[in-house]
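For reference, entry_15.txt is printed below; it contains compact mmCIF, C-alpha atoms.
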```
# COMPACT_ATOMS: atom_id res chain seq x y z
CA MET P 29 0.00 0.00 0.00
CA SER P 30 1.31 3.41 -0.89
CA GLN P 31 -0.07 6.85 -0.10
CA ILE P 32 0.15 9.88 -2.35
CA GLU P 33 -0.55 13.42 -1.14
CA VAL P 34 -0.51 16.16 -3.74
CA ASP P 35 -2.16 19.55 -4.40
CA THR P 36 -2.75 19.51 -8.07
CA ILE P 37 -2.94 16.91 -10.80
CA LEU P 38 -1.55 17.86 -14.17
CA PRO P 39 -3.19 16.47 -17.35
CA GLN P 40 -1.88 13.03 -18.21
CA SER P 41 -0.13 12.08 -21.42
CA SER P 42 -1.18 8.73 -22.83
CA ASN P 43 -1.34 6.41 -19.79
CA THR P 44 1.00 8.50 -17.63
CA LEU P 45 -0.53 10.49 -14.75
CA THR P 46 1.51 13.31 -13.21
CA PHE P 47 0.72 14.26 -9.59
CA GLY P 48 1.44 17.93 -8.90
CA ASN P 49 4.25 20.33 -9.58
CA ALA P 50 7.33 20.71 -7.43
CA ASN P 51 6.47 21.67 -3.84
CA THR P 52 2.74 21.01 -4.31
CA THR P 53 0.55 18.38 -2.64
CA VAL P 54 -2.91 16.60 -3.20
CA SER P 55 -4.97 14.61 -0.79
CA VAL P 56 -7.48 12.02 -1.89
CA ILE P 57 -9.59 8.81 0.44
CA GLY P 58 -10.46 5.19 0.04
CA THR P 59 -8.34 2.40 -1.33
CA LEU P 60 -8.60 1.94 -5.09
CA ASP P 61 -6.66 -0.24 -7.45
CA GLY P 62 -5.63 0.91 -10.90
CA ASN P 63 -8.78 -0.35 -12.63
CA GLN P 64 -11.04 1.57 -10.24
CA LEU P 65 -9.34 4.89 -10.97
CA ALA P 66 -11.63 5.24 -13.99
CA ASN P 67 -14.31 6.51 -11.56
CA ILE P 68 -12.23 9.37 -10.15
CA ASN P 69 -13.24 12.83 -11.35
CA ALA P 70 -12.91 16.47 -10.41
CA ASP P 71 -15.07 15.91 -7.30
CA ASN P 72 -12.39 13.64 -5.87
CA ILE P 73 -9.33 15.56 -6.95
CA ALA P 74 -8.51 19.26 -6.90
CA SER P 75 -8.19 19.55 -10.68
CA GLY P 76 -8.01 17.37 -13.77
CA THR P 77 -9.73 14.18 -14.91
CA VAL P 78 -8.09 10.80 -14.68
CA ALA P 79 -10.58 8.64 -16.55
CA ASP P 80 -7.82 6.91 -18.53
CA ALA P 81 -5.26 6.64 -15.75
CA ARG P 82 -3.96 3.27 -14.61
CA LEU P 83 -1.62 2.60 -11.69
CA SER P 84 -0.02 -0.72 -10.92
CA SER P 85 -0.24 -0.34 -7.12
CA ASN P 86 -3.04 0.67 -4.76
CA VAL P 87 -3.51 4.36 -3.90
CA THR P 88 -4.98 5.82 -0.70
CA LEU P 89 -7.45 8.58 -1.56
CA LEU P 90 -8.96 11.23 0.71
CA GLY P 91 -12.31 11.01 -1.08
CA GLN P 92 -14.98 13.60 -1.66
CA SER P 93 -15.65 16.63 0.49
CA PRO P 94 -18.71 16.47 2.73
CA THR P 95 -21.71 18.31 1.31
CA TYR P 96 -24.31 20.56 2.90
CA SER P 97 -28.01 20.53 2.01
CA SER P 98 -30.12 22.28 4.66
CA ILE P 99 -30.74 22.91 8.35
CA SER P 100 -33.84 22.93 10.53
CA PRO P 101 -34.85 25.11 12.24
CA THR P 102 -33.39 28.04 10.33
CA ALA P 103 -33.79 30.43 13.28
CA ILE P 104 -32.98 29.98 16.97
CA GLU P 105 -33.08 32.30 19.95
CA PRO P 106 -29.83 33.57 21.52
CA ASN P 107 -28.71 32.14 24.86
CA THR P 108 -31.08 29.22 24.45
CA ALA P 109 -30.07 25.56 24.16
CA SER P 110 -31.21 24.48 20.69
CA ASN P 111 -31.10 21.29 18.62
CA ILE P 112 -30.28 21.96 14.97
CA ASN P 113 -30.71 19.25 12.35
CA ILE P 114 -28.11 19.43 9.55
CA LEU P 115 -28.54 17.50 6.29
CA GLY P 116 -25.88 16.73 3.69
CA THR P 117 -23.58 13.84 2.74
CA GLY P 118 -20.29 12.34 3.84
CA PHE P 119 -20.81 12.77 7.60
CA THR P 120 -18.85 10.59 10.03
CA ALA P 121 -18.37 10.47 13.79
CA THR P 122 -15.26 12.67 13.41
CA THR P 123 -16.77 15.27 11.04
CA VAL P 124 -16.44 18.83 12.41
CA PHE P 125 -19.42 21.20 12.27
CA GLU P 126 -19.15 24.95 12.81
CA PHE P 127 -21.44 27.98 12.68
CA VAL P 128 -19.59 30.93 11.12
CA ASN P 129 -21.04 34.39 11.73
CA THR P 130 -21.05 36.79 8.79
CA THR P 131 -18.70 38.90 10.94
CA GLY P 132 -16.20 36.00 10.96
CA SER P 133 -16.64 34.62 14.48
CA ILE P 134 -16.91 30.83 14.76
CA ILE P 135 -19.20 28.89 17.11
CA LYS P 136 -18.80 25.15 17.64
CA PRO P 137 -21.80 23.06 18.75
CA ASP P 138 -21.70 21.73 22.31
CA THR P 139 -22.50 18.23 21.05
CA VAL P 140 -23.04 16.58 17.65
CA THR P 141 -25.11 13.41 17.30
CA LEU P 142 -24.50 11.38 14.12
CA ASN P 143 -27.92 10.11 13.01
CA SER P 144 -26.62 8.87 9.65
CA SER P 145 -24.00 9.76 7.04
CA SER P 146 -26.40 12.44 5.78
CA ASN P 147 -28.02 13.66 9.00
CA VAL P 148 -26.67 15.05 12.28
CA THR P 149 -28.19 16.87 15.25
CA ALA P 150 -26.02 19.69 16.56
CA SER P 151 -26.84 21.05 20.02
CA ALA P 152 -25.72 24.63 20.57
CA ASN P 153 -26.28 27.65 22.79
CA VAL P 154 -25.33 30.69 20.71
CA SER P 155 -25.13 34.01 22.57
CA VAL P 156 -24.45 36.40 19.66
CA THR P 157 -27.35 37.33 17.40
CA GLY P 158 -26.71 37.39 13.66
CA ASP P 159 -26.60 35.26 10.52
CA TYR P 160 -24.39 32.15 10.38
CA TYR P 161 -22.94 29.98 7.61
CA ILE P 162 -22.69 26.21 8.16
CA ARG P 163 -19.13 24.85 7.76
CA ILE P 164 -18.44 21.10 7.61
CA GLU P 165 -14.98 19.48 7.59
CA ASN P 166 -14.03 15.81 7.58
CA ASP P 167 -10.98 14.36 9.31
CA SER P 168 -8.85 14.55 6.14
CA GLY P 169 -9.26 18.32 5.97
CA LEU P 170 -11.73 18.41 3.07
CA ALA P 171 -14.48 20.92 3.86
CA THR P 172 -17.55 22.71 2.55
CA ARG P 173 -19.59 25.72 3.62
CA SER P 174 -23.20 26.71 2.97
CA THR P 175 -23.60 29.21 0.14
CA ASN P 176 -25.92 31.35 2.27
CA ALA P 177 -25.96 32.25 5.96
CA ASP P 178 -28.84 29.85 6.60
CA LEU P 179 -28.94 30.01 10.41
CA GLN P 180 -30.37 33.13 12.04
CA VAL P 181 -29.82 33.67 15.74
CA SER P 182 -32.64 36.03 16.57
CA THR P 183 -35.05 36.92 19.37
CA ALA P 184 -38.66 35.75 19.01
CA PRO P 185 -41.49 38.30 19.15
CA VAL P 186 -42.49 39.61 22.58
CA PHE P 187 -45.99 40.95 23.23
CA SER P 188 -46.36 44.34 24.91
CA THR P 189 -50.13 43.94 25.21
CA ALA P 190 -51.15 41.93 28.28
CA ALA P 191 -53.06 38.70 27.77
CA GLY P 192 -56.75 38.61 28.65
CA THR P 193 -59.64 40.90 27.88
CA LEU P 194 -59.33 43.67 25.33
CA GLY P 195 -62.59 45.23 26.52
CA THR P 196 -66.36 45.01 26.58
CA PHE P 197 -68.42 46.66 23.84
CA ASN P 198 -72.10 46.95 23.07
CA LYS P 199 -73.68 45.10 20.20
CA GLY P 200 -73.44 47.21 17.06
CA ASP P 201 -70.54 49.32 18.39
CA ALA P 202 -67.57 50.42 16.32
CA VAL P 203 -64.53 48.69 17.83
CA ASN P 204 -60.83 49.57 17.50
CA VAL P 205 -58.35 47.90 19.87
CA ALA P 206 -54.57 47.54 19.43
CA ILE P 207 -52.21 44.63 20.05
CA THR P 208 -48.47 45.30 20.02
CA ALA P 209 -45.43 43.02 19.84
CA SER P 210 -41.77 43.60 18.96
CA SER P 211 -38.74 41.61 17.82
CA ASP P 212 -35.38 42.30 16.17
CA SER P 213 -37.25 42.38 12.84
CA ALA P 214 -40.72 43.44 11.73
CA VAL P 215 -43.64 41.52 13.26
CA ASP P 216 -46.84 40.39 11.50
CA PHE P 217 -49.99 39.09 13.18
CA SER P 218 -52.61 36.44 12.53
CA VAL P 219 -55.49 34.74 14.34
CA GLN P 220 -54.05 31.39 15.39
CA SER P 221 -57.25 29.98 16.93
CA GLY P 222 -60.67 31.07 18.16
CA THR P 223 -63.04 33.60 16.61
CA LEU P 224 -63.21 37.37 16.51
CA PRO P 225 -66.63 39.01 17.02
CA THR P 226 -68.66 39.21 13.82
CA GLY P 227 -67.80 42.33 11.86
CA LEU P 228 -64.32 42.71 13.33
CA SER P 229 -61.10 41.86 11.51
CA LEU P 230 -57.35 42.02 11.99
CA GLY P 231 -55.43 44.87 10.36
CA SER P 232 -52.05 44.48 8.68
CA THR P 233 -49.88 47.13 10.35
CA GLN P 234 -46.51 45.64 11.35
CA ASN P 235 -45.55 45.60 15.06
CA THR P 236 -48.98 46.97 16.05
CA VAL P 237 -52.17 45.35 14.82
CA TYR P 238 -55.70 46.70 15.22
CA ILE P 239 -58.81 44.61 15.71
CA ALA P 240 -61.34 46.92 14.18
CA GLY P 241 -64.77 47.13 12.60
CA THR P 242 -68.42 47.44 13.51
CA GLU P 243 -69.89 44.56 15.50
CA SER P 244 -72.65 43.01 13.38
CA SER P 245 -73.63 39.68 14.91
CA ALA P 246 -77.13 38.31 15.49
CA ILE P 247 -76.45 37.36 19.12
CA THR P 248 -79.26 37.93 21.64
CA ALA P 249 -77.19 37.53 24.81
CA THR P 250 -73.90 38.91 26.03
CA THR P 251 -71.11 36.84 24.46
CA THR P 252 -67.37 36.62 25.14
CA TYR P 253 -65.20 35.76 22.15
CA ASN P 254 -61.88 34.03 22.95
CA PHE P 255 -59.05 33.90 20.44
CA THR P 256 -55.28 33.52 20.17
CA ILE P 257 -53.16 35.98 18.22
CA ARG P 258 -49.83 34.80 16.74
CA ALA P 259 -46.95 37.26 16.24
CA THR P 260 -44.45 36.19 13.55
CA ASP P 261 -41.17 37.95 12.80
CA GLN P 262 -39.15 37.93 9.57
CA GLU P 263 -37.11 34.89 10.74
CA SER P 264 -40.42 32.96 11.06
CA GLN P 265 -40.15 32.86 14.84
CA THR P 266 -43.53 32.99 16.57
CA SER P 267 -45.17 33.86 19.87
CA ASP P 268 -48.83 33.28 20.77
CA ARG P 269 -51.02 35.14 23.25
CA ALA P 270 -54.67 34.59 24.27
CA PHE P 271 -57.16 37.47 24.27
CA SER P 272 -60.90 38.01 24.54
CA ILE P 273 -63.51 40.62 23.59
CA THR P 274 -66.97 40.71 25.17
CA ILE P 275 -70.00 41.97 23.25
CA ASN P 276 -72.75 43.14 25.57
CA VAL P 277 -76.40 42.86 24.58
CA GLY P 278 -78.68 45.40 26.30
CA ILE P 279 -82.18 44.69 27.45
CA THR P 280 -83.79 46.22 24.36
CA GLU P 281 -81.67 44.04 22.09
CA GLY P 282 -81.98 40.85 24.13
CA MET P 283 -85.78 40.93 24.45
CA ARG P 284 -88.39 40.83 21.76
CA PHE P 285 -92.15 41.64 22.21
CA SER P 286 -94.97 40.44 20.05
```

Please express what this file holds, its structure, as structure tokens.
Amino acid sequence: MSQIEVDTILPQSSNTLTFGNANTTVSVIGTLDGNQLANINADNIASGTVADARLSSNVTLLGQSPTYSSISPTAIEPNTASNINILGTGFTATTVFEFVNTTGSIIKPDTVTLNSSSNVTASANVSVTGDYYIRIENDSGLATRSTNADLQVSTAPVFSTAAGTLGTFNKGDAVNVAITASSDSAVDFSVQSGTLPTGLSLGSTQNTVYIAGTESSAITATTTYNFTIRATDQESQTSDRAFSITINVGITEGMRFS
């Protein structure tokens, strides 16, 4: 068994393969005999194609770089223990995973669990908010990095409006009540569950939303409407809060005479 470590591979002439120039090195994994070298291509070796190469002795190759596909979730909160699932190929028990901030700082996960050669769970508690690239390196030094900063470390929305009742209104009243939440990016709102009083709807103003309209139900008795509002920021982080609005029916509206 012999091992060759070179940086570049020069084009071969006939059946002769030249590994590197003077003072250069290449690293490639796996044990292949001369006949199997037909399958080596530019993914295995820094440059050049060796489809016609033949060697009489075995060669130790460093193999392909690991690849990166995606992560989930794509946003986590700072100073919070989080499990991040990373997908790709070529993962082993000794593969190194790093989160690289766009400012250049590097965070290593506290633990990495190898689920398969294409799936790991990285547990991390990242204190610095920002956007992070995913860098993956195998034990031979071959590495890859995500094209985009796919991991956002960001605070989730926080409601300023207290949970509970937003007020009591008479049937047929015009209603306009505000709900406010903030994050490190703009916040949008939606009704996650429950029902707003008939005639009322949710506005679309970011960071502050108004439940507004003219109550127009056919109720004949005082009714409390319970609902949950979801605040969602631009990193798709969410917070939910439960609210209620009571619509009061007066005696003249609740009673009918024939």

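For the choices P:Asn198, P:Ser244, P:Asn147, P:Asn166, the atom-to-atom distance to P:Glu126 is smallest for P:Asn166 when using all atoms listed in the file.
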
Polymer residues at most 10 Å from stretch 182-185 of chain P, all atoms listed in the file, same-chain spacing of 6 or more positions, as an mmCIF file with C-alpha atoms, in the coordinates of the input:
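Saved file result.cif follows:
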```
data_model
loop_
_atom_site.group_PDB
_atom_site.id
_atom_site.type_symbol
_atom_site.label_atom_id
_atom_site.label_comp_id
_atom_site.auth_asym_id
_atom_site.auth_seq_id
_atom_site.Cartn_x
_atom_site.Cartn_y
_atom_site.Cartn_z
ATOM 1 C CA ALA P 103 -33.790 30.430 13.280
ATOM 2 C CA ILE P 104 -32.980 29.980 16.970
ATOM 3 C CA GLU P 105 -33.080 32.300 19.950
ATOM 4 C CA PRO P 106 -29.830 33.570 21.520
ATOM 5 C CA ASN P 107 -28.710 32.140 24.860
ATOM 6 C CA VAL P 154 -25.330 30.690 20.710
ATOM 7 C CA SER P 155 -25.130 34.010 22.570
ATOM 8 C CA VAL P 156 -24.450 36.400 19.660
ATOM 9 C CA THR P 157 -27.350 37.330 17.400
ATOM 10 C CA GLY P 158 -26.710 37.390 13.660
ATOM 11 C CA ASP P 159 -26.600 35.260 10.520
ATOM 12 C CA THR P 208 -48.470 45.300 20.020
ATOM 13 C CA ALA P 209 -45.430 43.020 19.840
ATOM 14 C CA SER P 210 -41.770 43.600 18.960
ATOM 15 C CA SER P 211 -38.740 41.610 17.820
ATOM 16 C CA ASP P 212 -35.380 42.300 16.170
ATOM 17 C CA SER P 213 -37.250 42.380 12.840
ATOM 18 C CA ALA P 214 -40.720 43.440 11.730
ATOM 19 C CA VAL P 215 -43.640 41.520 13.260
ATOM 20 C CA ASP P 216 -46.840 40.390 11.500
ATOM 21 C CA ASN P 235 -45.550 45.600 15.060
ATOM 22 C CA ARG P 258 -49.830 34.800 16.740
ATOM 23 C CA ALA P 259 -46.950 37.260 16.240
ATOM 24 C CA THR P 260 -44.450 36.190 13.550
ATOM 25 C CA ASP P 261 -41.170 37.950 12.800
ATOM 26 C CA GLN P 262 -39.150 37.930 9.570
ATOM 27 C CA GLU P 263 -37.110 34.890 10.740
ATOM 28 C CA SER P 264 -40.420 32.960 11.060
ATOM 29 C CA GLN P 265 -40.150 32.860 14.840
ATOM 30 C CA THR P 266 -43.530 32.990 16.570
ATOM 31 C CA SER P 267 -45.170 33.860 19.870
ATOM 32 C CA ASP P 268 -48.830 33.280 20.770
#
```

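Proximity of P:Thr251, P:Ser245, P:Asn204, P:Thr123 to P:Ala171, computed with all atoms listed in the file, is greatest for P:Thr123.
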
- request: Determine the nearest neighbour of P:Asn176 from the options P:Phe217, P:Phe271, P:Phe119, P:Phe127, counting all atoms listed in the file.
  value: P:Phe127

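Interatomic distance, atom CA of P:Val148 to atom CA of P:Leu170: 17.9 Å.
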
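Computed from the coordinates, the atom CA of P:Asn153 to atom CA of P:Pro137 distance equals 7.6 Å.
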
statement: With distances taken over all atoms listed in the file, the candidate from P:Thr149, P:Ser110, P:Thr250, P:Thr256 nearest P:Thr274 is P:Thr250
